[in-house]
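Participant: Below you will find the structure I want to go over with you.
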Amino acid sequence: MAQFLPINGVAERYATSKHSIYRWIRDQRGFPLPIVLPSGVKRWAVADLEAWEATNRANADEYA
């Protein structure tokens with residue numbers, strides 16, 4: 001079963017603010033977009049976040 005996080009959970013995962021998460025979406029085009037439920041509630045798929053982390057980890061290794 002897929003797991004989803006609200007914005008507070010995403011911010012906590014990266015030890016940052018909600019504002020920063022929305023800025024990452026705006027400025028870093030690769031950051032996962034939330035899934036918007038019919039009720040308007042936004043949730044991020046943990047699998048999408050993990051894929052983004054893996055990509056960024058690989059890119060960081062290139063510059064290390």
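Ordered as shown in the structure tokens, chains take letters A, B, and onward, while each chain numbers its residues from 1 and ligands are numbered from 1 in the order shown.
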Please list as a ChimeraX atom specification every residue within 10 Å of segment 33-40 of chain A, counting only C-alpha atoms and excluding residues in the same chain fewer than 4 positions away.

Facilitator: /A:4-7,22,24-26,29,44-45,48-49

Participant: Apply DSSP to the structure's backbone, then extract all residues of chain A labelled strand (DSSP E) and return them as a PyMOL selection string.

Facilitator: chain A and resi 4-5+35-36+42-45

Participant: Could you pull out all residues of chain A with a DSSP call of alpha helix (DSSP H) and give them as number ranges by chain?

Facilitator: A: 7-13, 18-27, 46-63

Participant: Could you write those residues out with N, CA and C atoms, as a short mmCIF file (atom, residue, chain, number, x, y, z; two decimals), in the first residue's frame?

Facilitator:
```
data_model
loop_
_atom_site.label_atom_id
_atom_site.label_comp_id
_atom_site.auth_asym_id
_atom_site.auth_seq_id
_atom_site.Cartn_x
_atom_site.Cartn_y
_atom_site.Cartn_z
N ILE A 7 2.13 18.11 3.99
CA ILE A 7 3.24 19.07 3.91
C ILE A 7 4.06 19.09 5.20
N ASN A 8 3.40 18.98 6.35
CA ASN A 8 4.14 18.97 7.61
C ASN A 8 5.10 17.78 7.68
N GLY A 9 4.65 16.64 7.18
CA GLY A 9 5.49 15.45 7.17
C GLY A 9 6.67 15.58 6.22
N VAL A 10 6.43 16.22 5.08
CA VAL A 10 7.52 16.43 4.11
C VAL A 10 8.54 17.39 4.71
N ALA A 11 8.07 18.47 5.32
CA ALA A 11 8.98 19.44 5.94
C ALA A 11 9.79 18.79 7.05
N GLU A 12 9.14 17.96 7.84
CA GLU A 12 9.84 17.26 8.92
C GLU A 12 10.88 16.29 8.36
N ARG A 13 10.55 15.61 7.30
CA ARG A 13 11.46 14.64 6.68
C ARG A 13 12.77 15.31 6.28
N LYS A 18 7.73 24.49 5.80
CA LYS A 18 6.77 24.29 4.72
C LYS A 18 7.05 25.26 3.58
N HIS A 19 7.42 26.48 3.93
CA HIS A 19 7.74 27.49 2.92
C HIS A 19 8.88 27.00 2.02
N SER A 20 9.89 26.39 2.62
CA SER A 20 11.02 25.88 1.83
C SER A 20 10.59 24.78 0.87
N ILE A 21 9.69 23.90 1.31
CA ILE A 21 9.20 22.83 0.44
C ILE A 21 8.53 23.44 -0.78
N TYR A 22 7.67 24.43 -0.59
CA TYR A 22 7.00 25.05 -1.73
C TYR A 22 7.99 25.81 -2.61
N ARG A 23 9.04 26.38 -2.02
CA ARG A 23 10.08 27.04 -2.81
C ARG A 23 10.85 26.02 -3.64
N TRP A 24 11.13 24.84 -3.05
CA TRP A 24 11.80 23.78 -3.81
C TRP A 24 10.95 23.37 -5.01
N ILE A 25 9.66 23.27 -4.83
CA ILE A 25 8.77 22.91 -5.94
C ILE A 25 8.87 23.96 -7.04
N ARG A 26 8.90 25.21 -6.64
CA ARG A 26 8.95 26.30 -7.61
C ARG A 26 10.31 26.40 -8.30
N ASP A 27 11.39 26.28 -7.52
CA ASP A 27 12.74 26.53 -8.05
C ASP A 27 13.47 25.29 -8.54
N VAL A 46 5.45 8.94 -0.70
CA VAL A 46 6.77 8.65 -0.14
C VAL A 46 7.68 8.08 -1.23
N ALA A 47 7.14 7.26 -2.12
CA ALA A 47 7.94 6.68 -3.20
C ALA A 47 8.51 7.78 -4.11
N ASP A 48 7.74 8.83 -4.37
CA ASP A 48 8.24 9.95 -5.19
C ASP A 48 9.36 10.69 -4.46
N LEU A 49 9.20 10.88 -3.17
CA LEU A 49 10.24 11.55 -2.39
C LEU A 49 11.53 10.71 -2.36
N GLU A 50 11.38 9.41 -2.19
CA GLU A 50 12.54 8.53 -2.17
C GLU A 50 13.26 8.53 -3.51
N ALA A 51 12.52 8.57 -4.60
CA ALA A 51 13.13 8.63 -5.94
C ALA A 51 13.89 9.94 -6.11
N TRP A 52 13.31 11.06 -5.64
CA TRP A 52 13.99 12.35 -5.71
C TRP A 52 15.27 12.33 -4.88
N GLU A 53 15.20 11.73 -3.70
CA GLU A 53 16.38 11.64 -2.84
C GLU A 53 17.48 10.84 -3.54
N ALA A 54 17.12 9.73 -4.16
CA ALA A 54 18.11 8.89 -4.83
C ALA A 54 18.77 9.65 -5.99
N THR A 55 17.98 10.38 -6.74
CA THR A 55 18.52 11.17 -7.85
C THR A 55 19.47 12.24 -7.34
N ASN A 56 19.06 12.93 -6.29
CA ASN A 56 19.90 13.99 -5.76
C ASN A 56 21.15 13.44 -5.09
N ARG A 57 21.05 12.28 -4.50
CA ARG A 57 22.21 11.65 -3.91
C ARG A 57 23.22 11.30 -5.00
N ALA A 58 22.73 10.79 -6.14
CA ALA A 58 23.60 10.45 -7.26
C ALA A 58 24.26 11.71 -7.81
N ASN A 59 23.50 12.80 -7.95
CA ASN A 59 24.06 14.04 -8.45
C ASN A 59 25.08 14.62 -7.48
N ALA A 60 24.85 14.50 -6.19
CA ALA A 60 25.79 15.01 -5.19
C ALA A 60 27.10 14.23 -5.24
N ASP A 61 27.02 12.94 -5.51
CA ASP A 61 28.22 12.11 -5.60
C ASP A 61 29.12 12.55 -6.74
N GLU A 62 28.52 13.09 -7.82
CA GLU A 62 29.31 13.55 -8.96
C GLU A 62 30.19 14.73 -8.59
N TYR A 63 29.76 15.55 -7.63
CA TYR A 63 30.49 16.75 -7.25
C TYR A 63 31.36 16.55 -6.02
#
```
